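K.L.:
Sending over a structure as structure tokens; questions will come in a sec.
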Amino acid sequence: MNRLTRITAILIQLQSRKIVTAKEIAERFEVSLRTIYRDLKTLQDAGVPIGSENGIGYFIVDGYSLPPINITEEEANAMIIAEQFILNQNDTSLINDFNSLLFKIKAILRNTEKENISKLENRISPSYSQKQNKSNWLSIIQKSITNTLVLEIEYHSIHKNEKITREIEPLGIYFTDSKDWITIAFCRLRNDLREFRVDRILKLTNTSKTFKYQHDFSLQQYIKIICSPKLT
């Protein structure tokens, strides 16, 4: 990758997140921190409003936006592959959200690229399993995590084989080997963390209440520690 391409990619990376560390950028492009500092200085000298916080990272100042980004055919093809994985997740809300994104991406492609995408779509298929646990709640749960919204759920309990109602504070979601989406949440009734299988949520309501974001919660650490998930 030449320097101009790398600098352009760095600008896009900065635009994609609230704050990015120089180490993250250096690891992505497999170059030294010194090289990244020089590239960031080049962007600043070109008029890009890049701010920094000592010990935290770099960010694009609010109000600055990139011109329309061109998508390569290879990048569009990667989205088609991703689409097949999404289709195999069996959550209607996730599929609808991704399809909406994909339509927007396809809209900016040239006609020849659209034709090639159409050919590829007919030649790729997800793996199918006989187990099809469908749900429609991932989109709301994701929004609840990012906006710290308390949800009320009606849930089919596995162990008790009965319908229960809970107010929960969603903290994370993960996908199991058995093709189930699991949300990890603080249960207000039990005053503790609990796991809920998304396809067993019968009804979900936004209570309009909020909860305090748990900055110290790590999904990776949680999964590492919990060897035997306990489903409510």
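Letters A, B, ... mark the chains of the structure tokens in the order given; residue numbers begin at 1 per chain; ligand numbers begin at 1, in order shown.
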For range 78-184 of chain A versus range 209-224 of chain A, which residues have an atom no more than 12 Å away, and what is each residue's nearest atom pair and distance in Å rounded to one decimal, using only C-alpha atoms, chain-then-number order, as a Markdown table?

P.N.:
```
| residue | atom | partner | partner_atom | distance |
| --- | --- | --- | --- | --- |
| A:Lys143 | CA | A:Thr210 | CA | 11.9 |
| A:Ser144 | CA | A:Thr210 | CA | 8.9 |
| A:Ile145 | CA | A:Tyr213 | CA | 8.5 |
| A:Thr146 | CA | A:Tyr213 | CA | 8.6 |
| A:Asn147 | CA | A:Thr210 | CA | 7.8 |
| A:Thr148 | CA | A:Phe211 | CA | 5.4 |
| A:Leu149 | CA | A:Thr210 | CA | 4.5 |
| A:Val150 | CA | A:Lys209 | CA | 5.3 |
| A:Leu151 | CA | A:Lys209 | CA | 8.1 |
| A:Glu152 | CA | A:Lys209 | CA | 10.1 |
| A:Glu167 | CA | A:Lys209 | CA | 10.1 |
| A:Ile168 | CA | A:Phe211 | CA | 9.6 |
| A:Glu169 | CA | A:Phe211 | CA | 6.9 |
| A:Pro170 | CA | A:Phe211 | CA | 9.6 |
| A:Leu171 | CA | A:Phe217 | CA | 7.6 |
| A:Gly172 | CA | A:Leu219 | CA | 6.4 |
| A:Ile173 | CA | A:Leu219 | CA | 8.1 |
| A:Tyr174 | CA | A:Leu219 | CA | 8.5 |
| A:Phe175 | CA | A:Ile223 | CA | 11.1 |
| A:Thr176 | CA | A:Ile223 | CA | 10.8 |
| A:Ile182 | CA | A:Ile223 | CA | 11.4 |
| A:Thr183 | CA | A:Leu219 | CA | 10.5 |
| A:Ile184 | CA | A:Leu219 | CA | 8.7 |
```

K.L.:
So, counting only C-alpha atoms, which residue among A:Arg34, A:Lys163, A:Arg190, A:Lys134 is closest to Asn88 in chain A?

P.N.:
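Going through A:Arg34, A:Lys163, A:Arg190, A:Lys134 one by one, the smallest distance to Asn88 in chain A is for A:Lys134.
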
K.L.:
Would you please work out which residue, of A:Gln84, A:Asn77, A:Asn96, A:Thr8, is nearest to Leu120 in chain A when using only C-alpha atoms?

P.N.:
A:Asn77

K.L.:
List as a list in words the protein and nucleic acid residues near Gly55 in chain A, meaning an atom at most 10 Å away when only C-alpha atoms are counted, but skip any in the same chain fewer than 3 places from it.

P.N.:
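Non-adjacent residues within range: Thr21, Ser52 and Tyr58 of chain A.
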
K.L.:
Quick one: everything within 12 Å of Arg28 in chain A, counting only C-alpha atoms, minus sequence neighbours fewer than 4 positions away in the same chain. Send it as a PyMOL selection string.

P.N.:
chain A and resi 1+6+9-10+13+20-24+32-33+36

K.L.:
I need the residues from that last selection saved to file as a compact mmCIF listing (two decimals), in the first residue's frame (with C-alpha atoms), if you can.

P.N.:
```txt
# COMPACT_ATOMS: atom_id res chain seq x y z
CA MET A 1 0.00 0.00 0.00
CA ARG A 6 -2.77 4.63 3.53
CA ALA A 9 -7.65 4.89 4.61
CA ILE A 10 -6.57 6.46 7.92
CA GLN A 13 -10.89 4.97 9.86
CA VAL A 20 -9.00 5.85 17.49
CA THR A 21 -5.57 5.19 18.98
CA ALA A 22 -2.38 5.50 16.98
CA LYS A 23 -1.55 1.93 18.01
CA GLU A 24 -4.76 0.62 16.42
CA SER A 32 5.48 2.00 13.01
CA LEU A 33 3.85 4.49 15.36
CA ILE A 36 1.33 7.00 11.76
```

K.L.:
Using DSSP secondary structure from the backbone, list all strand (DSSP E or B) positions within range 51-100 of chain A, as a list in words.

P.N.:
Gly51, Ser52, Glu53, Gly57, Tyr58, Phe59, Ile60 and Asp91 of chain A

K.L.:
As a ChimeraX atom specification, which residues of range 10-118 of chain A does DSSP assign to helix (DSSP H, G or I)?

P.N.:
/A:10-16,22-29,33-45,73-87,92-107,111-118

K.L.:
Would you work out the distance separating CA of Glu30 in chain A from CA of Ser65 in chain A, expressed in Å to one decimal?

P.N.:
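Interatomic distance here is 26.4 Å.
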
K.L.:
Could you give me, as a PyMOL selection string, the residues within 7 Å of Asp39 in chain A, counting only C-alpha atoms and dropping anything in the same chain fewer than 4 positions from it?

P.N.:
chain A and resi 7+35+43

K.L.:
Go ahead and write the residues just picked, all heavy atoms, as a PDB file, in the first residue's frame.

P.N.:
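Final output, saved to result_4.pdb:
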```
ATOM      1  N   ILE A   7      -2.937   7.025   3.838  1.00  0.00           N
ATOM      2  CA  ILE A   7      -3.435   8.252   4.481  1.00  0.00           C
ATOM      3  C   ILE A   7      -4.943   8.392   4.263  1.00  0.00           C
ATOM      4  O   ILE A   7      -5.684   8.760   5.180  1.00  0.00           O
ATOM      5  CB  ILE A   7      -2.680   9.488   3.943  1.00  0.00           C
ATOM      6  CG1 ILE A   7      -1.243   9.486   4.477  1.00  0.00           C
ATOM      7  CG2 ILE A   7      -3.392  10.774   4.343  1.00  0.00           C
ATOM      8  CD1 ILE A   7      -0.378  10.592   3.935  1.00  0.00           C
ATOM      9  N   THR A  35       5.496   6.362  11.866  1.00  0.00           N
ATOM     10  CA  THR A  35       4.907   6.559  10.535  1.00  0.00           C
ATOM     11  C   THR A  35       3.483   7.098  10.642  1.00  0.00           C
ATOM     12  O   THR A  35       3.082   7.997   9.901  1.00  0.00           O
ATOM     13  CB  THR A  35       4.906   5.233   9.756  1.00  0.00           C
ATOM     14  OG1 THR A  35       6.253   4.820   9.539  1.00  0.00           O
ATOM     15  CG2 THR A  35       4.207   5.376   8.404  1.00  0.00           C
ATOM     16  N   LEU A  43      -2.276  14.928   7.400  1.00  0.00           N
ATOM     17  CA  LEU A  43      -3.712  15.211   7.305  1.00  0.00           C
ATOM     18  C   LEU A  43      -4.050  16.547   7.958  1.00  0.00           C
ATOM     19  O   LEU A  43      -4.838  17.337   7.428  1.00  0.00           O
ATOM     20  CB  LEU A  43      -4.508  14.077   7.958  1.00  0.00           C
ATOM     21  CG  LEU A  43      -4.588  12.761   7.173  1.00  0.00           C
ATOM     22  CD1 LEU A  43      -5.159  11.652   8.048  1.00  0.00           C
ATOM     23  CD2 LEU A  43      -5.448  12.932   5.925  1.00  0.00           C
TER      24      LEU A  43
END
```

K.L.:
With only C-alpha atoms as the counted atoms, please give the residues lying no more than 12 Å from Ala78 in chain A, apart from itself and same-chain residues fewer than 5 positions off, as a VMD selection string.

P.N.:
chain A and resid 71 to 73 83 to 85 102 105 117 120 to 121 124

K.L.:
Which residue out of A:Asn54, A:Leu40, A:Asn90, A:Ser118 has the minimum interatomic distance to Ala76 in chain A when only C-alpha atoms are used?

P.N.:
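Selected residue with least distance to Ala76 in chain A: A:Ser118.
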
K.L.:
Find, counting only C-alpha atoms, the residue in A:Ile141, A:Ile201, A:Leu11, A:Ile19 that gets nearest to Thr42 in chain A.

P.N.:
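So, comparing all the options, the nearest one is A:Leu11.
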
K.L.:
So which one's closest to Leu189 in chain A, A:Asn116, A:Thr165, A:Ser100, A:Ser157? Using only C-alpha atoms, please.

P.N.:
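Smallest distance to Leu189 in chain A is found for A:Thr165.
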
K.L.:
Taking into account only C-alpha atoms, which residue in the set A:Leu14, A:Val31, A:Ala82, A:Leu204 is nearest to Ile60 in chain A?

P.N.:
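Closest candidate: A:Leu14.
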